[in-house]
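Novice: Structure incoming, see below.
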There are 4 protein chains.
Amino acid sequence: MGLKERREREKQARKHQILDAARHLLFKKGIQSTSINQIARKAELGVGTIYFYYQSKEEIFYALQEEGLDILFRQIEAIGRKSIGPDGKLRETGMAYLDFSRRHKDYFDIINYFLATPTVMLGDELKQRIDHKGSRILKLLDGFTRTGVADGTFRSVDPKKYAVMFWGALHGLTQFKKLENTVLEGENHAHIFEYAVDQLIDGLKPKKER
Amino acid sequence: MGLKERREREKQARKHQILDAARHLLFKKGIQSTSINQIARKAELGVGTIYFYYQSKEEIFYALQEEGLDILFRQIEAIGRKSIGPDGKLRETGMAYLDFSRRHKDYFDIINYFLATPTVMLGDELKQRIDHKGSRILKLLDGFTRTGVADGTFRSVDPKKYAVMFWGALHGLTQFKKLENTVLEGENHAHIFEYAVDQLIDGLKPKKER
Amino acid sequence: MGLKERREREKQARKHQILDAARHLLFKKGIQSTSINQIARKAELGVGTIYFYYQSKEEIFYALQEEGLDILFRQIEAIGRKSIGPDGKLRETGMAYLDFSRRHKDYFDIINYFLATPTVMLGDELKQRIDHKGSRILKLLDGFTRTGVADGTFRSVDPKKYAVMFWGALHGLTQFKKLENTVLEGENHAHIFEYAVDQLIDGLKPKKER
Amino acid sequence: MGLKERREREKQARKHQILDAARHLLFKKGIQSTSINQIARKAELGVGTIYFYYQSKEEIFYALQEEGLDILFRQIEAIGRKSIGPDGKLRETGMAYLDFSRRHKDYFDIINYFLATPTVMLGDELKQRIDHKGSRILKLLDGFTRTGVADGTFRSVDPKKYAVMFWGALHGLTQFKKLENTVLEGENHAHIFEYAVDQLIDGLKPKKER
DNA sequence: GATGAATGAGCCTTCATTCAT
DNA sequence: GATGAATGAAGGCTCATTCAT
């Protein structure tokens, strides 16, 4: 057991070592320009070793995507623990998403990459782990909405569907950052984003009470 | 005279011929796997000829993106001419977006590709033409919203900002199609999409008590 | 006659037009990076037209070499007309060579290019014209030396052989400019060059008289 | 231990194998017409393998240049060990240069290529290695001259500057071989070269009356 | 005389992946 | 477990030259 455990721990350490190198390079040179050979050199390992731990280059990037989703999850989770109303939580979640896309631009890009690419999904385990990470985040949004509906803050919507819409809207809007100087004609992207978040939540409020 | 004109027409025909080949391949193999050499072979032209008409690979894809944006524009424009209320127009626009992403999946992918890629835009003229196409579409959405606000169908929102939000939300949600079998846990993507569109428009309606 | 003459004149004008463009580009981008297409565009002519006046790209550069040799010739010729002794003329010729390699660096490079390249000489006429230009220059040097020998300024050397040596030495030394910061270890190239010219001439003086 | 050493030796062998192929081709087709693909084919290696050992095409040619400079160095070094006076050493060096340019024409061409090309040098290490080779040779010439000045064979000249002049003259004259049948008008190039060497050394001798 | 569209072989270089050691 | 040399297909792109109009 002890041996086996140690082995396992060492294996994890190596994987981390590789991921560290990959992350570094990816953040410096972009996803397209990062090659396995570079990762190997940076990680001070042989290329063969990389392939022992990861089946392919894509698998490494998947692992990185996991990291990104974890960071995003923890940030939204923290919001969930705050003592504010469901509307506040959604609002902060929205702003957190924009923040995430800025402060962790590279993680956002990687998530985006997999979302925009005609995926060739690899191993099942990997796939499921990513799905799980995604679901966890959706669950948080779902929870915020559900609570709001339950306590009357929001009108009666389908929490899960609304959560998806919310996330989708956030994601699409975030991407539009790129259009700031062109199609958006100088409108400040952050303002638009914030405005949108507010509209989205406002539209969730019951109509009568107001 | 006639000669010059004919020349010009032939030149345009060649450009189309190249675009046809590029579109074909792109739609079959994806943006990353389509190479200039393949395009040339498909178009039954020399590689040099391709470069005579297009400065780079990227320029070809931009041209294709233009095509996609044109199609999208025409579809939404048609909606604008219908004799329905602004809310109906927005709703149909939403559904048209989903429809576009399905029927013209590859055009959607190209648009998405440029939105998701940390692209370095090339020539200014090219850039501006694309921008113009995008702006035209946004203008349509802007117009729908503006009309609705004017005639009281909608509450008082900033039409342009709302248009951006609307488009962003549609775009993000469309991308989520990919999550249908995983994170969305079997929920029908189209249902979610439709639901979202309705929510978005519903949130735009005036609060009753007001 | 008149017609024929005009034709000829126009033809020469076209050739100049092409040469002007080629020179411009060559001086800006170097010999390797200047393409016929670029020359054509710059000259506002079709590529085919270029080929009507010049058989090949190389031929254009030959013509440019001619220009360079002409400039060099005129400079040395002017020295020949000065009222100074043969030693002074040789000295000034040496310095003029260095000056030429600096002020007309690109012409010097082109001469150098043909000297360093395993030539595939083209048409005979062209070849002979270049040869003539070269011989003219050598003749000047020859004359300076011959005069010096005749009037006792120099000791009795073979003027023609000495002229070749002189020119060869100048040329080789000029090329060494490139080594200024490396092999020459910071020694000022111009100083070395001047020193060499002086040595070369000094070695030509009669030994007895001194 | 043994393994590591053997690996290293094999690696060196591969580099030699590549250089052999490159040399062969270069000597047959000239520097401009030798491509990496051809080298790979000739060396019976994959293109990638070439790039595993050499960073670029230029690096290979630098390596070849090193070889040439080494040969030249050894030949002059051997002259230095002879029991002849400094004037004899310089004379033999001169003739050795001509000999080198004939027997190792291609090496001479490479050296010339780098001297005549407005090269942008690459890595510093590479650059320094070449510089070192060049300096070594200059040092030999410098030494010959210095000795001659010290023992009274030569008059008092700056040994280093004279060495540069000597080399420069030799180099320039060697290039003029090409003009043998044209500008030189049938004069035997070798004769001229020999004559020049003699003049150069003669001019170094002390003036009698002094 | 002038044009310029068309060519296509060839260029240098990259890189994910394999496999013998 | 780890290594790293070797691969070779494929990438985007250039360019001197030709020839039908």
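Ordering of the structure tokens sets the chain letters (A, B, ...), residue numbers begin anew at 1 in every chain, and ligands are numbered from 1 in the order given.
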With a distance cut-off of 9 Å and only C-alpha atoms (C1' of nucleotides), select the neighbouring residues of stretch 50-61 of chain C, excluding the residue or stretch itself and same-chain residues fewer than 5 positions from it, and output the selection as JSON, numbers by chain.
Specialist: {"C": [11, 14, 15, 18, 19, 22, 23, 31, 35, 36, 39, 40, 45, 66, 110, 122, 123, 126], "E": [1, 2], "F": [16, 17]}
Novice: At a cut-off of 8 Å, which residues of chain B touch chain A? Count only C-alpha atoms and give the answer as an NGL selection string.
Specialist: :B and (30 or 109 or 112-113 or 115-117 or 131-132 or 134-135 or 138 or 161-162 or 164-165 or 167-176 or 178 or 182-184 or 192-193 or 195-196 or 199-200 or 202-204 or 207-210)
Novice: Tell me which of B:Ala43, B:His24, B:Arg9, B:Gly48 sits closest to chain F, counting only C-alpha atoms (C1' of nucleotides).
Specialist: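 Of all the options, B:Gly48 lies closest to chain F.
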Novice: Can you pull out every residue from stretch 16-165 of chain B that DSSP, working from the backbone, puts in helix (DSSP H, G or I), and format the result as a PDB file with C-alpha atoms, in the first residue's frame?
Specialist:
ATOM      1  CA  HIS B  16     -15.583  32.801 -56.621  1.00  0.00           C
ATOM      2  CA  GLN B  17     -14.100  29.610 -57.906  1.00  0.00           C
ATOM      3  CA  ILE B  18     -11.466  29.754 -55.204  1.00  0.00           C
ATOM      4  CA  LEU B  19     -13.989  30.608 -52.548  1.00  0.00           C
ATOM      5  CA  ASP B  20     -16.155  27.719 -53.653  1.00  0.00           C
ATOM      6  CA  ALA B  21     -13.288  25.321 -53.230  1.00  0.00           C
ATOM      7  CA  ALA B  22     -12.321  26.804 -49.895  1.00  0.00           C
ATOM      8  CA  ARG B  23     -15.887  26.654 -48.628  1.00  0.00           C
ATOM      9  CA  HIS B  24     -16.243  23.073 -49.700  1.00  0.00           C
ATOM     10  CA  LEU B  25     -13.124  21.955 -47.940  1.00  0.00           C
ATOM     11  CA  LEU B  26     -13.711  24.055 -44.915  1.00  0.00           C
ATOM     12  CA  PHE B  27     -17.139  22.618 -44.483  1.00  0.00           C
ATOM     13  CA  LYS B  28     -15.817  19.129 -44.810  1.00  0.00           C
ATOM     14  CA  LYS B  29     -12.668  19.249 -42.776  1.00  0.00           C
ATOM     15  CA  ILE B  36      -3.999  26.371 -49.346  1.00  0.00           C
ATOM     16  CA  ASN B  37      -2.608  23.447 -51.262  1.00  0.00           C
ATOM     17  CA  GLN B  38      -5.846  21.586 -50.860  1.00  0.00           C
ATOM     18  CA  ILE B  39      -7.840  24.589 -51.915  1.00  0.00           C
ATOM     19  CA  ALA B  40      -5.686  24.936 -54.994  1.00  0.00           C
ATOM     20  CA  ARG B  41      -6.103  21.310 -55.911  1.00  0.00           C
ATOM     21  CA  LYS B  42      -9.833  21.468 -55.363  1.00  0.00           C
ATOM     22  CA  ALA B  43     -10.127  24.627 -57.405  1.00  0.00           C
ATOM     23  CA  VAL B  47      -1.100  27.475 -55.558  1.00  0.00           C
ATOM     24  CA  GLY B  48       0.391  30.611 -56.966  1.00  0.00           C
ATOM     25  CA  THR B  49      -2.901  31.478 -58.539  1.00  0.00           C
ATOM     26  CA  ILE B  50      -4.587  31.367 -55.174  1.00  0.00           C
ATOM     27  CA  TYR B  51      -2.044  33.794 -53.881  1.00  0.00           C
ATOM     28  CA  PHE B  52      -2.583  35.975 -56.878  1.00  0.00           C
ATOM     29  CA  TYR B  53      -6.160  36.487 -55.808  1.00  0.00           C
ATOM     30  CA  LYS B  57      -4.906  31.939 -46.193  1.00  0.00           C
ATOM     31  CA  GLU B  58      -6.502  34.114 -43.603  1.00  0.00           C
ATOM     32  CA  GLU B  59      -7.844  36.457 -46.232  1.00  0.00           C
ATOM     33  CA  ILE B  60      -9.765  33.620 -47.771  1.00  0.00           C
ATOM     34  CA  PHE B  61     -11.357  32.784 -44.487  1.00  0.00           C
ATOM     35  CA  TYR B  62     -12.259  36.371 -43.986  1.00  0.00           C
ATOM     36  CA  ALA B  63     -13.997  36.362 -47.310  1.00  0.00           C
ATOM     37  CA  LEU B  64     -15.901  33.311 -46.198  1.00  0.00           C
ATOM     38  CA  GLN B  65     -16.833  35.019 -42.989  1.00  0.00           C
ATOM     39  CA  GLU B  66     -18.212  37.857 -45.022  1.00  0.00           C
ATOM     40  CA  GLU B  67     -20.388  35.433 -46.889  1.00  0.00           C
ATOM     41  CA  GLY B  68     -21.699  34.056 -43.626  1.00  0.00           C
ATOM     42  CA  LEU B  69     -22.457  37.460 -42.216  1.00  0.00           C
ATOM     43  CA  ASP B  70     -24.250  38.335 -45.424  1.00  0.00           C
ATOM     44  CA  ILE B  71     -26.498  35.336 -45.166  1.00  0.00           C
ATOM     45  CA  LEU B  72     -27.264  36.097 -41.563  1.00  0.00           C
ATOM     46  CA  PHE B  73     -27.970  39.712 -42.421  1.00  0.00           C
ATOM     47  CA  ARG B  74     -30.387  38.840 -45.146  1.00  0.00           C
ATOM     48  CA  GLN B  75     -32.310  36.498 -42.928  1.00  0.00           C
ATOM     49  CA  ILE B  76     -32.726  39.044 -40.176  1.00  0.00           C
ATOM     50  CA  GLU B  77     -33.442  41.754 -42.699  1.00  0.00           C
ATOM     51  CA  ALA B  78     -36.314  39.667 -44.022  1.00  0.00           C
ATOM     52  CA  ILE B  79     -37.700  39.403 -40.536  1.00  0.00           C
ATOM     53  CA  GLY B  80     -37.580  43.162 -40.292  1.00  0.00           C
ATOM     54  CA  PRO B  86     -40.999  44.323 -32.370  1.00  0.00           C
ATOM     55  CA  ASP B  87     -41.230  41.520 -29.858  1.00  0.00           C
ATOM     56  CA  GLY B  88     -42.104  39.121 -32.629  1.00  0.00           C
ATOM     57  CA  LYS B  89     -39.198  40.356 -34.670  1.00  0.00           C
ATOM     58  CA  LEU B  90     -36.766  39.839 -31.862  1.00  0.00           C
ATOM     59  CA  ARG B  91     -38.175  36.414 -31.226  1.00  0.00           C
ATOM     60  CA  GLU B  92     -37.865  35.400 -34.835  1.00  0.00           C
ATOM     61  CA  THR B  93     -34.388  36.832 -34.939  1.00  0.00           C
ATOM     62  CA  GLY B  94     -33.424  34.645 -32.032  1.00  0.00           C
ATOM     63  CA  MET B  95     -34.819  31.584 -33.699  1.00  0.00           C
ATOM     64  CA  ALA B  96     -33.201  32.578 -36.956  1.00  0.00           C
ATOM     65  CA  TYR B  97     -29.849  32.654 -35.215  1.00  0.00           C
ATOM     66  CA  LEU B  98     -30.277  29.103 -34.032  1.00  0.00           C
ATOM     67  CA  ASP B  99     -31.452  28.122 -37.461  1.00  0.00           C
ATOM     68  CA  PHE B 100     -28.441  29.789 -39.039  1.00  0.00           C
ATOM     69  CA  SER B 101     -26.076  27.979 -36.714  1.00  0.00           C
ATOM     70  CA  ARG B 102     -27.592  24.726 -37.831  1.00  0.00           C
ATOM     71  CA  ARG B 103     -28.199  25.166 -41.514  1.00  0.00           C
ATOM     72  CA  LYS B 105     -23.065  25.427 -39.276  1.00  0.00           C
ATOM     73  CA  ASP B 106     -19.787  26.024 -41.038  1.00  0.00           C
ATOM     74  CA  TYR B 107     -20.368  29.703 -41.536  1.00  0.00           C
ATOM     75  CA  PHE B 108     -21.244  29.918 -37.901  1.00  0.00           C
ATOM     76  CA  ASP B 109     -18.044  28.086 -37.056  1.00  0.00           C
ATOM     77  CA  ILE B 110     -16.006  30.525 -39.071  1.00  0.00           C
ATOM     78  CA  ILE B 111     -17.573  33.499 -37.372  1.00  0.00           C
ATOM     79  CA  ASN B 112     -17.014  31.796 -34.093  1.00  0.00           C
ATOM     80  CA  TYR B 113     -13.463  31.001 -35.008  1.00  0.00           C
ATOM     81  CA  PHE B 114     -12.625  34.637 -35.529  1.00  0.00           C
ATOM     82  CA  LEU B 115     -14.436  35.584 -32.375  1.00  0.00           C
ATOM     83  CA  ALA B 116     -12.637  32.979 -30.293  1.00  0.00           C
ATOM     84  CA  ASP B 124      -7.445  47.581 -42.794  1.00  0.00           C
ATOM     85  CA  GLU B 125      -9.754  47.304 -45.717  1.00  0.00           C
ATOM     86  CA  LEU B 126     -10.502  43.702 -44.919  1.00  0.00           C
ATOM     87  CA  LYS B 127     -11.044  44.492 -41.305  1.00  0.00           C
ATOM     88  CA  GLN B 128     -13.395  47.302 -42.080  1.00  0.00           C
ATOM     89  CA  ARG B 129     -15.450  45.266 -44.460  1.00  0.00           C
ATOM     90  CA  ILE B 130     -16.014  42.639 -41.806  1.00  0.00           C
ATOM     91  CA  ASP B 131     -16.778  45.271 -39.219  1.00  0.00           C
ATOM     92  CA  HIS B 132     -19.284  46.795 -41.522  1.00  0.00           C
ATOM     93  CA  LYS B 133     -21.059  43.485 -41.997  1.00  0.00           C
ATOM     94  CA  GLY B 134     -21.239  43.023 -38.257  1.00  0.00           C
ATOM     95  CA  SER B 135     -22.467  46.515 -37.651  1.00  0.00           C
ATOM     96  CA  ARG B 136     -25.208  46.115 -40.212  1.00  0.00           C
ATOM     97  CA  ILE B 137     -26.586  43.195 -38.289  1.00  0.00           C
ATOM     98  CA  LEU B 138     -26.357  44.946 -34.974  1.00  0.00           C
ATOM     99  CA  LYS B 139     -28.195  47.880 -36.504  1.00  0.00           C
ATOM    100  CA  LEU B 140     -31.115  45.632 -37.353  1.00  0.00           C
ATOM    101  CA  LEU B 141     -31.400  44.394 -33.770  1.00  0.00           C
ATOM    102  CA  ASP B 142     -30.981  47.929 -32.560  1.00  0.00           C
ATOM    103  CA  GLY B 143     -33.803  49.002 -34.821  1.00  0.00           C
ATOM    104  CA  PHE B 144     -36.169  46.313 -33.602  1.00  0.00           C
ATOM    105  CA  THR B 145     -35.551  47.267 -30.007  1.00  0.00           C
ATOM    106  CA  ARG B 146     -35.762  50.969 -30.656  1.00  0.00           C
ATOM    107  CA  THR B 147     -39.079  50.599 -32.388  1.00  0.00           C
ATOM    108  CA  GLY B 148     -40.398  48.538 -29.508  1.00  0.00           C
ATOM    109  CA  VAL B 149     -39.326  51.111 -26.992  1.00  0.00           C
ATOM    110  CA  ALA B 150     -40.875  53.854 -29.095  1.00  0.00           C
ATOM    111  CA  PRO B 159     -31.554  49.944 -27.667  1.00  0.00           C
ATOM    112  CA  LYS B 160     -27.975  49.578 -28.742  1.00  0.00           C
ATOM    113  CA  LYS B 161     -26.787  48.066 -25.517  1.00  0.00           C
ATOM    114  CA  TYR B 162     -29.744  45.784 -25.475  1.00  0.00           C
ATOM    115  CA  ALA B 163     -29.046  44.712 -29.024  1.00  0.00           C
ATOM    116  CA  VAL B 164     -25.531  43.785 -28.088  1.00  0.00           C
ATOM    117  CA  MET B 165     -26.747  41.841 -25.107  1.00  0.00           C
TER     118      MET B 165
END
Novice: Counting only C-alpha atoms (C1' of nucleotides), which residues from chain F have an atom at most 10 Å from any atom of chain D, and could you show them as a ChimeraX atom specification?
Specialist: /F:5-8
Novice: For C-alpha atoms (C1' of nucleotides), I'd like the residues from the last selection saved as a compact mmCIF listing (two decimals), in the first residue's frame.
Specialist:
# COMPACT_ATOMS: atom_id res chain seq x y z
C1' DA F 5 16.81 10.92 -31.72
C1' DA F 6 14.33 10.31 -35.79
C1' DT F 7 10.63 10.91 -38.69
C1' DG F 8 8.21 12.92 -42.89
